$ cat my_file21.txt   # compact mmCIF, C-alpha atoms
# COMPACT_ATOMS: atom_id res chain seq x y z
CA LYS A 1 18.72 -59.37 39.93
CA MET A 2 20.28 -61.73 42.48
CA ALA A 3 23.51 -59.87 42.17
CA ALA A 4 21.73 -56.60 42.78
CA ALA A 5 20.24 -57.95 46.05
CA THR A 6 23.60 -58.86 47.54
CA MET A 7 24.98 -55.45 46.66
CA SER A 8 22.23 -53.48 48.36
CA PRO A 9 23.38 -49.98 49.23
CA TYR A 10 24.17 -49.02 52.84
CA PHE A 11 23.41 -45.62 54.36
CA GLY A 12 21.85 -44.31 51.15
CA GLN A 13 25.02 -44.96 49.23
CA GLN A 14 24.29 -44.87 45.50
CA MET A 15 25.15 -47.85 43.35
CA SER A 16 27.54 -46.08 41.08
CA SER A 17 28.91 -47.01 37.71
CA LYS A 18 32.02 -48.21 39.53
CA ASN A 19 30.00 -51.37 40.23
CA ASP A 20 30.80 -53.60 37.28
CA LEU A 21 27.90 -55.97 37.87
CA VAL A 22 25.42 -53.35 36.69
CA PRO A 23 26.18 -51.50 33.44
CA ALA A 24 26.30 -47.72 33.61
CA TRP A 25 23.54 -47.25 31.09
CA THR A 26 20.86 -48.71 33.37
CA SER A 27 20.95 -45.51 35.41
CA GLN A 28 21.33 -42.99 32.63
CA GLU A 29 18.57 -41.03 31.00
CA VAL A 30 17.36 -42.00 27.57
CA SER A 31 18.33 -39.28 25.14
CA THR A 32 17.71 -38.78 21.46
CA GLY A 33 21.36 -37.73 20.89
CA THR A 34 20.44 -36.76 17.39
CA THR A 35 20.77 -34.81 14.24
CA ILE A 36 17.58 -33.25 12.90
CA MET A 37 17.04 -30.87 10.00
CA ALA A 38 14.16 -29.11 8.29
CA LEU A 39 14.09 -26.94 5.16
CA GLU A 40 11.41 -24.92 3.35
CA TYR A 41 11.02 -25.07 -0.40
CA ASP A 42 8.44 -23.46 -2.67
CA GLY A 43 5.40 -25.66 -2.08
CA GLY A 44 6.36 -27.51 1.09
CA VAL A 45 9.02 -28.65 3.50
CA VAL A 46 11.59 -31.42 3.73
CA ILE A 47 12.57 -32.89 7.10
CA GLY A 48 15.25 -35.38 8.05
CA ALA A 49 16.73 -37.12 11.08
CA ASP A 50 19.10 -39.88 12.13
CA SER A 51 17.74 -42.92 14.01
CA ARG A 52 19.83 -43.40 17.16
CA THR A 53 18.52 -43.28 20.73
CA THR A 54 21.11 -43.67 23.46
CA THR A 55 21.16 -44.35 27.19
CA GLY A 56 24.69 -43.29 27.99
CA ALA A 57 26.91 -45.34 25.70
CA TYR A 58 24.30 -47.99 24.91
CA ILE A 59 22.17 -47.55 21.82
CA ALA A 60 18.68 -48.31 23.07
CA ASN A 61 17.09 -48.02 19.65
CA ARG A 62 19.05 -47.94 16.39
CA VAL A 63 16.01 -47.49 14.15
CA THR A 64 14.16 -44.72 16.00
CA ASP A 65 11.64 -42.59 14.18
CA LYS A 66 12.23 -39.02 15.29
CA LEU A 67 9.91 -37.54 12.67
CA THR A 68 6.59 -37.50 14.47
CA PRO A 69 3.27 -36.59 12.85
CA ILE A 70 1.28 -33.97 14.74
CA HIS A 71 -1.42 -33.55 12.11
CA ASP A 72 -2.05 -34.50 8.48
CA ARG A 73 0.41 -31.96 7.07
CA ILE A 74 2.41 -31.02 10.18
CA PHE A 75 5.37 -32.96 11.58
CA CYS A 76 7.88 -32.37 14.33
CA CYS A 77 11.52 -33.43 14.59
CA ARG A 78 12.50 -34.35 18.14
CA SER A 79 15.85 -33.95 19.92
CA GLY A 80 16.85 -34.00 23.57
CA SER A 81 15.24 -36.25 26.14
CA ALA A 82 13.19 -38.98 24.43
CA ALA A 83 10.62 -39.04 27.23
CA ASP A 84 10.14 -35.27 27.32
CA THR A 85 9.78 -34.89 23.57
CA GLN A 86 7.38 -37.83 23.25
CA ALA A 87 5.23 -36.45 26.04
CA ILE A 88 5.14 -32.94 24.59
CA ALA A 89 4.38 -34.26 21.11
CA ASP A 90 1.49 -36.31 22.47
CA VAL A 91 0.05 -33.29 24.28
CA VAL A 92 0.35 -31.04 21.24
CA THR A 93 -1.16 -33.69 18.95
CA TYR A 94 -4.20 -33.80 21.23
CA GLN A 95 -4.48 -30.02 21.53
CA LEU A 96 -4.08 -29.45 17.80
CA GLY A 97 -6.58 -32.16 16.90
CA PHE A 98 -9.15 -30.61 19.21
CA HIS A 99 -8.46 -27.10 17.83
CA SER A 100 -8.78 -28.34 14.25
CA ILE A 101 -12.20 -29.86 14.97
CA GLU A 102 -13.35 -26.60 16.55
CA LEU A 103 -12.13 -24.64 13.52
CA ASP A 104 -13.45 -27.20 11.04
CA GLU A 105 -10.39 -26.74 8.87
CA PRO A 106 -6.77 -27.92 8.81
CA PRO A 107 -4.65 -26.18 11.47
CA LEU A 108 -1.86 -23.73 10.70
CA VAL A 109 1.78 -24.76 11.14
CA GLU A 110 2.29 -21.60 13.18
CA THR A 111 -0.43 -22.74 15.57
CA ALA A 112 1.26 -26.10 16.09
CA ALA A 113 4.58 -24.35 16.65
CA ASN A 114 3.04 -22.03 19.22
CA LEU A 115 1.54 -24.97 21.09
CA PHE A 116 5.00 -26.55 21.30
CA ARG A 117 6.47 -23.29 22.45
CA ALA A 118 3.82 -22.84 25.12
CA SER A 119 4.65 -26.20 26.73
CA CYS A 120 8.42 -25.89 26.26
CA TYR A 121 8.52 -22.40 27.77
CA ARG A 122 6.16 -22.98 30.69
CA TYR A 123 8.00 -26.09 31.82
CA ARG A 124 11.44 -24.97 30.69
CA GLU A 125 13.11 -25.81 34.03
CA GLU A 126 11.95 -29.42 33.95
CA LEU A 127 12.27 -30.20 30.24
CA THR A 128 15.13 -30.91 27.88
CA ALA A 129 13.57 -30.68 24.46
CA GLY A 130 14.76 -29.18 21.17
CA ILE A 131 12.06 -29.42 18.53
CA LEU A 132 11.67 -28.44 14.87
CA VAL A 133 8.07 -28.01 13.71
CA ALA A 134 7.58 -28.23 9.96
CA GLY A 135 4.61 -28.55 7.68
CA TRP A 136 2.38 -27.12 4.99
CA ASP A 137 -0.78 -25.06 5.28
CA ARG A 138 -2.90 -23.16 2.81
CA ARG A 139 -2.14 -19.74 4.21
CA LYS A 140 1.67 -19.62 4.13
CA GLY A 141 2.72 -22.79 2.32
CA GLY A 142 5.77 -24.64 3.60
CA GLN A 143 7.09 -23.39 6.96
CA VAL A 144 9.80 -24.42 9.42
CA TYR A 145 9.68 -23.23 13.02
CA CYS A 146 12.47 -23.83 15.52
CA VAL A 147 11.64 -24.35 19.23
CA PRO A 148 15.00 -24.92 20.94
CA ILE A 149 15.71 -25.66 24.61
CA GLY A 150 14.32 -22.80 26.69
CA GLY A 151 11.18 -22.35 24.63
CA MET A 152 11.98 -19.72 22.02
CA LEU A 153 10.03 -19.71 18.76
CA VAL A 154 11.43 -18.50 15.46
CA ARG A 155 10.66 -19.25 11.84
CA GLN A 156 13.68 -20.04 9.66
CA PRO A 157 14.02 -21.15 6.03
CA VAL A 158 16.40 -23.88 7.15
CA SER A 159 17.12 -25.16 10.63
CA VAL A 160 19.19 -27.92 12.23
CA GLY A 161 19.03 -29.30 15.75
CA GLY A 162 20.36 -31.91 18.13
CA SER A 163 23.88 -32.74 19.24
CA GLY A 164 25.04 -33.52 15.71
CA SER A 165 23.87 -30.19 14.37
CA SER A 166 26.99 -28.31 15.52
CA TYR A 167 29.05 -30.12 12.90
CA ILE A 168 26.90 -29.18 9.94
CA TYR A 169 26.28 -25.45 10.40
CA GLY A 170 29.13 -24.68 8.04
CA PHE A 171 27.92 -27.21 5.46
CA MET A 172 24.38 -25.90 5.67
CA ASP A 173 25.41 -22.23 5.39
CA SER A 174 27.48 -22.92 2.30
CA ASN A 175 25.11 -25.29 0.51
CA TYR A 176 21.64 -23.91 1.20
CA LYS A 177 20.31 -21.48 -1.37
CA PRO A 178 16.82 -19.96 -1.34
CA ASN A 179 14.30 -21.39 -3.88
CA MET A 180 15.67 -24.91 -4.16
CA THR A 181 13.53 -27.71 -5.58
CA LYS A 182 12.13 -30.54 -3.49
CA ASP A 183 14.70 -33.02 -4.78
CA GLN A 184 17.58 -30.66 -4.09
CA CYS A 185 16.28 -30.25 -0.54
CA LEU A 186 16.06 -34.01 -0.06
CA GLU A 187 19.61 -34.46 -1.32
CA LEU A 188 20.94 -31.67 0.89
CA THR A 189 19.19 -33.04 3.98
CA ALA A 190 20.45 -36.58 3.37
CA ALA A 191 23.99 -35.29 2.85
CA ALA A 192 23.94 -33.07 5.93
CA VAL A 193 22.52 -35.72 8.27
CA SER A 194 25.08 -38.26 6.95
CA LEU A 195 27.96 -35.87 7.62
CA ALA A 196 26.73 -35.21 11.14
CA MET A 197 26.26 -38.92 11.80
CA GLU A 198 29.87 -39.54 10.86
CA ARG A 199 31.18 -37.00 13.36
CA ASP A 200 28.69 -37.22 16.24
CA GLY A 201 28.77 -40.33 18.42
CA SER A 202 25.19 -39.78 19.54
CA SER A 203 23.85 -39.78 15.97
CA GLY A 204 23.79 -42.76 13.64
CA GLY A 205 21.80 -45.60 12.14
CA VAL A 206 19.70 -44.73 9.09
CA VAL A 207 18.56 -41.43 7.65
CA ARG A 208 14.82 -40.87 7.74
CA LEU A 209 13.39 -38.28 5.37
CA ALA A 210 9.94 -36.88 4.77
CA SER A 211 8.55 -34.27 2.42
CA ILE A 212 5.29 -32.48 3.16
CA SER A 213 3.27 -30.50 0.63
CA LYS A 214 -0.35 -29.85 -0.21
CA ASP A 215 -0.47 -33.27 -1.87
CA GLY A 216 0.45 -35.06 1.34
CA VAL A 217 3.40 -36.66 3.08
CA GLU A 218 6.05 -38.82 1.42
CA ARG A 219 8.38 -40.75 3.72
CA ARG A 220 11.57 -42.55 2.89
CA VAL A 221 14.53 -44.22 4.58
CA ILE A 222 18.15 -44.29 3.46
CA LEU A 223 19.94 -47.31 4.89
CA GLY A 224 23.53 -47.26 6.12
CA ASN A 225 25.14 -48.71 3.02
CA GLN A 226 23.25 -46.33 0.73
CA LEU A 227 24.34 -43.16 2.52
CA PRO A 228 26.49 -40.70 0.58
CA LYS A 229 30.12 -41.45 1.27
CA TYR A 230 32.65 -38.78 2.13
CA SER A 231 36.17 -40.08 1.96
CA THR A 232 38.29 -38.36 4.53
CA HIS A 233 41.31 -39.80 6.25
CA MET B 234 18.01 -6.14 35.70
CA LEU B 235 21.24 -8.02 36.27
CA GLN B 236 24.03 -5.96 37.75
CA GLU B 237 26.96 -5.88 35.39
CA THR B 238 30.09 -4.17 36.58
CA GLY B 239 31.80 -4.76 33.23
CA THR B 240 35.08 -5.90 34.75
CA GLU B 241 34.52 -9.66 34.79
CA TRP B 242 36.87 -10.03 31.88
CA LEU B 243 39.84 -8.85 33.96
CA SER B 244 39.73 -12.03 35.96
CA GLN B 245 38.80 -14.48 33.22
CA GLU B 246 41.38 -16.50 31.37
CA VAL B 247 42.43 -15.21 28.00
CA LYS B 248 41.55 -17.78 25.36
CA THR B 249 42.14 -17.85 21.66
CA GLY B 250 38.53 -18.97 21.03
CA THR B 251 39.48 -19.64 17.46
CA THR B 252 39.18 -21.42 14.24
CA ILE B 253 42.38 -22.83 12.78
CA ILE B 254 42.91 -24.99 9.73
CA ALA B 255 45.83 -26.44 7.78
CA VAL B 256 45.60 -28.22 4.40
CA GLU B 257 48.22 -30.12 2.45
CA PHE B 258 48.57 -29.84 -1.31
CA ASP B 259 51.06 -31.39 -3.69
CA GLY B 260 54.13 -29.30 -3.03
CA GLY B 261 53.23 -27.51 0.19
CA VAL B 262 50.66 -26.50 2.77
CA VAL B 263 48.22 -23.69 3.44
CA LEU B 264 47.41 -22.62 7.01
CA GLY B 265 44.61 -20.31 8.08
CA SER B 266 43.28 -18.76 11.26
CA ASP B 267 40.85 -16.12 12.48
CA SER B 268 42.11 -13.23 14.66
CA ARG B 269 39.93 -13.03 17.77
CA VAL B 270 41.24 -13.39 21.33
CA SER B 271 38.58 -13.34 24.02
CA ALA B 272 38.55 -13.09 27.81
CA GLY B 273 35.04 -14.12 28.76
CA ALA B 274 32.71 -11.90 26.76
CA SER B 275 35.34 -9.28 25.97
CA VAL B 276 37.45 -9.36 22.82
CA VAL B 277 40.89 -8.37 24.05
CA ASN B 278 42.61 -8.57 20.67
CA ARG B 279 40.74 -8.49 17.36
CA VAL B 280 43.76 -8.70 15.09
CA MET B 281 45.95 -11.42 16.59
CA ASN B 282 47.89 -13.55 14.16
CA LYS B 283 47.57 -17.10 15.41
CA LEU B 284 49.88 -18.52 12.76
CA SER B 285 53.23 -18.60 14.47
CA PRO B 286 56.51 -19.43 12.70
CA LEU B 287 58.54 -22.29 14.13
CA HIS B 288 61.07 -22.13 11.33
CA ASP B 289 61.38 -20.68 7.82
CA LYS B 290 59.11 -23.26 6.25
CA ILE B 291 57.31 -24.62 9.33
CA TYR B 292 54.42 -22.81 10.99
CA CYS B 293 52.01 -23.71 13.74
CA ALA B 294 48.42 -22.60 14.34
CA LEU B 295 47.47 -21.75 17.93
CA SER B 296 44.21 -22.48 19.74
CA GLY B 297 42.99 -22.85 23.32
CA SER B 298 44.58 -20.86 26.11
CA ALA B 299 46.49 -17.97 24.53
CA ALA B 300 49.28 -18.07 27.10
CA ASP B 301 49.81 -21.82 26.87
CA ALA B 302 49.76 -21.89 23.08
CA GLN B 303 52.14 -18.95 22.67
CA THR B 304 54.58 -20.40 25.18
CA ILE B 305 54.64 -23.80 23.52
CA ALA B 306 55.26 -22.16 20.16
CA GLU B 307 58.09 -20.02 21.54
CA VAL B 308 59.77 -22.94 23.29
CA VAL B 309 59.58 -25.13 20.19
CA HIS B 310 60.84 -22.27 18.02
CA TYR B 311 63.94 -22.14 20.22
CA GLN B 312 64.37 -25.91 20.30
CA LEU B 313 64.08 -26.13 16.51
CA ASP B 314 66.67 -23.36 16.12
CA VAL B 315 69.16 -25.33 18.18
CA HIS B 316 68.27 -28.58 16.41
CA SER B 317 68.68 -27.11 12.92
CA ILE B 318 72.14 -25.78 13.84
CA GLU B 319 73.10 -29.20 15.19
CA ILE B 320 72.06 -31.06 12.05
CA ASP B 321 73.25 -28.20 9.78
CA GLU B 322 70.17 -28.22 7.61
CA ASP B 323 66.50 -27.22 7.63
CA PRO B 324 64.50 -29.29 10.14
CA GLN B 325 61.78 -31.71 9.14
CA VAL B 326 58.14 -30.84 9.77
CA ARG B 327 57.80 -34.12 11.65
CA SER B 328 60.57 -33.01 14.04
CA ALA B 329 58.77 -29.77 14.79
CA ALA B 330 55.51 -31.61 15.34
CA THR B 331 57.24 -34.11 17.63
CA LEU B 332 58.70 -31.32 19.75
CA VAL B 333 55.25 -29.74 20.10
CA ARG B 334 53.72 -33.12 20.92
CA ASN B 335 56.33 -33.84 23.58
CA ILE B 336 55.44 -30.68 25.48
CA SER B 337 51.67 -31.14 24.99
CA TYR B 338 51.81 -34.70 26.26
CA LYS B 339 54.15 -34.21 29.19
CA TYR B 340 52.20 -31.26 30.55
CA LYS B 341 48.76 -32.30 29.40
CA GLU B 342 47.18 -31.82 32.82
CA GLU B 343 48.48 -28.28 33.17
CA LEU B 344 48.14 -27.00 29.64
CA SER B 345 45.05 -26.47 27.54
CA ALA B 346 46.24 -25.61 24.08
CA HIS B 347 46.03 -27.39 20.74
CA LEU B 348 48.58 -26.62 18.06
CA ILE B 349 48.40 -27.73 14.44
CA VAL B 350 51.89 -27.96 12.91
CA ALA B 351 52.29 -27.65 9.15
CA GLY B 352 55.10 -26.92 6.74
CA TRP B 353 57.27 -28.06 3.87
CA ASP B 354 60.53 -29.97 3.93
CA ARG B 355 62.69 -31.48 1.25
CA ARG B 356 62.13 -35.06 2.34
CA ASP B 357 58.34 -35.39 2.45
CA GLY B 358 57.04 -32.18 0.87
CA GLY B 359 53.99 -30.55 2.42
CA GLN B 360 52.78 -32.10 5.69
CA VAL B 361 50.10 -31.32 8.29
CA PHE B 362 50.27 -32.74 11.82
CA ALA B 363 47.67 -32.59 14.59
CA THR B 364 48.90 -32.65 18.19
CA LEU B 365 45.66 -32.57 20.16
CA SER B 366 46.04 -33.70 23.79
CA GLY B 367 49.53 -34.95 23.11
CA LEU B 368 48.91 -37.30 20.19
CA LEU B 369 50.78 -36.98 16.92
CA THR B 370 49.09 -37.80 13.66
CA ARG B 371 49.70 -36.76 10.07
CA GLN B 372 46.54 -35.83 8.17
CA PRO B 373 45.69 -34.44 4.73
CA PHE B 374 44.06 -31.54 6.56
CA ALA B 375 43.30 -30.58 10.16
CA VAL B 376 40.90 -28.16 11.80
CA GLY B 377 40.94 -26.99 15.39
CA GLY B 378 39.63 -24.51 17.91
CA SER B 379 36.10 -23.81 19.12
CA GLY B 380 34.89 -22.82 15.66
CA SER B 381 36.02 -26.07 14.09
CA SER B 382 33.03 -28.12 15.30
CA HIS B 383 30.73 -26.05 13.11
CA VAL B 384 32.67 -26.76 9.95
CA TYR B 385 33.41 -30.49 10.27
CA GLY B 386 30.48 -31.22 7.98
CA PHE B 387 31.66 -28.66 5.44
CA VAL B 388 35.29 -29.81 5.34
CA ASP B 389 34.29 -33.49 5.22
CA ALA B 390 32.07 -32.81 2.22
CA GLU B 391 34.27 -30.33 0.34
CA PHE B 392 37.82 -31.57 0.83
CA ARG B 393 39.33 -33.51 -2.03
CA GLY B 394 42.89 -34.69 -2.52
CA GLY B 395 44.92 -33.20 -5.38
CA MET B 396 43.85 -29.56 -4.96
CA SER B 397 46.14 -26.82 -6.25
CA LYS B 398 47.58 -24.11 -3.99
CA GLU B 399 44.95 -21.58 -5.07
CA GLU B 400 42.12 -24.08 -4.51
CA CYS B 401 43.49 -24.81 -1.03
CA GLN B 402 43.63 -21.10 -0.23
CA GLN B 403 40.00 -20.69 -1.33
CA PHE B 404 39.00 -23.77 0.70
CA VAL B 405 40.72 -22.31 3.79
CA VAL B 406 39.10 -18.88 3.37
CA ASN B 407 35.63 -20.43 2.90
CA THR B 408 36.04 -22.63 5.96
CA LEU B 409 37.21 -19.75 8.14
CA SER B 410 34.38 -17.55 6.96
CA LEU B 411 31.73 -20.18 7.76
CA ALA B 412 33.20 -20.84 11.19
CA ILE B 413 33.48 -17.13 12.02
CA ASN B 414 29.80 -16.72 11.14
CA ARG B 415 28.67 -19.37 13.60
CA ASP B 416 31.24 -19.27 16.44
CA GLY B 417 31.10 -16.34 18.83
CA SER B 418 34.71 -16.93 19.89
CA SER B 419 36.04 -16.60 16.33
CA GLY B 420 36.07 -13.41 14.33
CA GLY B 421 38.03 -10.52 12.91
CA VAL B 422 40.18 -11.07 9.87
CA ALA B 423 41.55 -14.21 8.25
CA TYR B 424 45.29 -14.83 8.21
CA ILE B 425 46.51 -17.20 5.52
CA VAL B 426 50.04 -18.60 5.23
CA SER B 427 51.10 -20.64 2.19
CA ILE B 428 54.33 -22.61 2.32
CA ASP B 429 56.00 -24.42 -0.55
CA GLU B 430 59.55 -25.15 -1.70
CA HIS B 431 59.91 -21.62 -3.13
CA GLY B 432 59.08 -19.83 0.10
CA THR B 433 56.49 -18.66 2.58
CA GLU B 434 53.72 -16.21 1.76
CA GLU B 435 51.64 -14.45 4.44
CA LYS B 436 48.31 -12.89 3.53
CA VAL B 437 45.47 -11.14 5.36
CA VAL B 438 41.86 -11.22 4.19
CA LEU B 439 39.92 -8.39 5.84
CA GLY B 440 36.43 -8.88 7.29
CA ASN B 441 34.49 -7.34 4.44
CA ASP B 442 36.43 -9.33 1.85
CA LEU B 443 35.51 -12.69 3.37
CA PRO B 444 33.02 -14.80 1.36
CA THR B 445 29.37 -14.34 2.36
CA PHE B 446 26.54 -16.84 2.41
CA PHE B 447 22.82 -16.97 1.87
CA ASP B 448 21.74 -15.32 5.10
CA GLN B 449 24.10 -12.33 4.99

$ encode --input "my_file21.txt" --output "structure tokens"
Amino acid sequence: KMAAATMSPYFGQQMSSKNDLVPAWTSQEVSTGTTIMALEYDGGVVIGADSRTTTGAYIANRVTDKLTPIHDRIFCCRSGSAADTQAIADVVTYQLGFHSIELDEPPLVETAANLFRASCYRYREELTAGILVAGWDRRKGGQVYCVPIGGMLVRQPVSVGGSGSSYIYGFMDSNYKPNMTKDQCLELTAAAVSLAMERDGSSGGVVRLASISKDGVERRVILGNQLPKYSTH
Amino acid sequence: MLQETGTEWLSQEVKTGTTIIAVEFDGGVVLGSDSRVSAGASVVNRVMNKLSPLHDKIYCALSGSAADAQTIAEVVHYQLDVHSIEIDEDPQVRSAATLVRNISYKYKEELSAHLIVAGWDRRDGGQVFATLSGLLTRQPFAVGGSGSSHVYGFVDAEFRGGMSKEECQQFVVNTLSLAINRDGSSGGVAYIVSIDEHGTEEKVVLGNDLPTFFDQ
């Protein structure tokens, strides 16, 4: 901090990254660079994510948990600005909890998704948040809803998000088939997130997986050395 | 409603949006490309063949700015012609790739095109070279163009060494089809060129014959 005092800016001049005494990442926004994925299967959903949070080129957290519980059987996968998505998730968790008490029954996944969409759309100019809402409810079983930047809402059998998602659209299109089993979904998610992590600099670390069904939530982690290996030049 | 005069595309640069791919197999190479050329939101050519011959058994795949890519290919085609007369034999794939790289590197600030060079020669068999931004690197396969980002995961997972020519052709067609489905700047038909010591074979796979996937 002593160095910072002697370099105090004149005439509102910004201390830019050209100043080597202060690393560039101290002034850059925290982003969940990210690869996230969610799939429906008969009886529930499987969700997965990488674990890297970056501020510029610095990895602020290499073991982030981007799979956030919103209710007992509803999770969200977060991508975009870490602050924005955490704040929105907290708001929706509160709103959904309140709604569930009023209803006196577990909330619907579609309700949770609509609450996300309401916040993401109303504050679309200020927010950078791409969210996948996935869970199980008694009415429609396993569901995945995609709420990308801008605040759209659409239900999809399989959805990917985050900066790493661009690289795995082709893999997902060719490998996803309707009516897969839970284990096939887990394998596909782990493979897809690993592939994206290899190509996307903002994704990395470990692969976090969760499966949600009427019986509850099962979480697991696949560490770096256990990830499926794809040998390419 | 937004006013749209419909003539924005006249003043926007013509780009080969594109997906291009080249794969090496034991005894040759297979190249593939889509056929869409866009100027902004308008498709100005839906049947362009982006696989351009540099010599009998050496082709290059074009992506980026259509003008830049075509010009580089034409210049190198001429330079290779002269070179092959001077050495009195068929040129090496590495020579062709080096000529492309030299232009891409020297004019890297002015040009925005990426060419993948692939072919067969007697010395090293089938070879694929990437020349992005003026580097030169030999790879078992290479993908390029705006559609390529969507299929990195697919090619990383599905590519294996030791594929036959027919397996390579199927791999190329599948990759192009997936990329065309997701990339707005890629589309049309798929052009496939297979090169081995016996010759060069050009093929077109029309839109409705491309492989389809679960959501189509």

$ interface_residues --input "my_file21.txt" --of "chain B" --to "chain A" --cutoff "7 Å" --atoms "all atoms listed in the file" --output "list in words"
Gln372, Ser382, His383, Val384, Tyr385, Gly386, Phe387, Asp389, Ala390, Leu411, Ala412, Phe446 and Phe447 of chain B

$ residues_around --input "my_file21.txt" --residues "region 308-315 of chain B" --least-positions-apart "2" --cutoff "7 Å" --atoms "all atoms listed in the file" --output "PDB file with C-alpha atoms, in the frame of the given file"
ATOM      1  CA  LEU B 287      58.540 -22.290  14.130  1.00  0.00           C
ATOM      2  CA  HIS B 288      61.070 -22.130  11.330  1.00  0.00           C
ATOM      3  CA  THR B 304      54.580 -20.400  25.180  1.00  0.00           C
ATOM      4  CA  ILE B 305      54.640 -23.800  23.520  1.00  0.00           C
ATOM      5  CA  ALA B 306      55.260 -22.160  20.160  1.00  0.00           C
ATOM      6  CA  SER B 317      68.680 -27.110  12.920  1.00  0.00           C
ATOM      7  CA  ILE B 318      72.140 -25.780  13.840  1.00  0.00           C
ATOM      8  CA  GLU B 319      73.100 -29.200  15.190  1.00  0.00           C
ATOM      9  CA  ALA B 329      58.770 -29.770  14.790  1.00  0.00           C
ATOM     10  CA  LEU B 332      58.700 -31.320  19.750  1.00  0.00           C
ATOM     11  CA  VAL B 333      55.250 -29.740  20.100  1.00  0.00           C
TER      12      VAL B 333
END

$ residues_around --input "my_file21.txt" --residues "Glu434 (chain B)" --least-positions-apart "3" --cutoff "10 Å" --atoms "all atoms listed in the file" --output "ChimeraX atom specification"
/B:263,290,425-429,431

$ atom_distance --input "my_file21.txt" --atom1 "CA of Ile131 (chain A)" --atom2 "CA of Glu102 (chain A)"
25.6 Å

$ atom_distance --input "my_file21.txt" --atom1 "CA of Val206 (chain A)" --atom2 "CA of Asp183 (chain A)"
18.8 Å

$ atom_distance --input "my_file21.txt" --atom1 "CA of Gly224 (chain A)" --atom2 "CA of Asp72 (chain A)"
28.7 Å

$ closest_residue --input "my_file21.txt" --among "B:Gly380, B:Thr364, B:Asn441, B:Ser328" --to "Ser419 (chain B)" --atoms "all atoms listed in the file"
B:Gly380

$ residues_around --input "my_file21.txt" --residues "Met37 (chain A)" --least-positions-apart "4" --cutoff "9 Å" --atoms "all atoms listed in the file" --output "compact mmCIF listing (two decimals) with C-alpha atoms, in the frame of the given file"
# COMPACT_ATOMS: atom_id res chain seq x y z
CA VAL A 46 11.59 -31.42 3.73
CA ILE A 47 12.57 -32.89 7.10
CA GLY A 48 15.25 -35.38 8.05
CA ALA A 49 16.73 -37.12 11.08
CA CYS A 77 11.52 -33.43 14.59
CA LEU A 132 11.67 -28.44 14.87
CA VAL A 158 16.40 -23.88 7.15
CA SER A 159 17.12 -25.16 10.63
CA VAL A 160 19.19 -27.92 12.23
CA GLY A 161 19.03 -29.30 15.75
CA GLY A 162 20.36 -31.91 18.13
CA SER A 165 23.87 -30.19 14.37
CA THR A 189 19.19 -33.04 3.98
CA ALA A 192 23.94 -33.07 5.93
CA VAL A 193 22.52 -35.72 8.27

$ closest_residue --input "my_file21.txt" --among "B:Glu343, B:Glu430, B:Glu322, B:Glu399" --to "Gly359 (chain B)" --atoms "all atoms listed in the file"
B:Glu430

$ residues_around --input "my_file21.txt" --residues "Gly130 (chain A)" --least-positions-apart "5" --cutoff "7 Å" --atoms "only C-alpha atoms" --output "MDAnalysis selection string"
chainID A and resid 78:80 147:149 161:162

$ residues_around --input "my_file21.txt" --residues "region 105-109 of chain A" --least-positions-apart "3" --cutoff "6 Å" --atoms "all atoms listed in the file" --output "ChimeraX atom specification"
/A:100,112,135,137
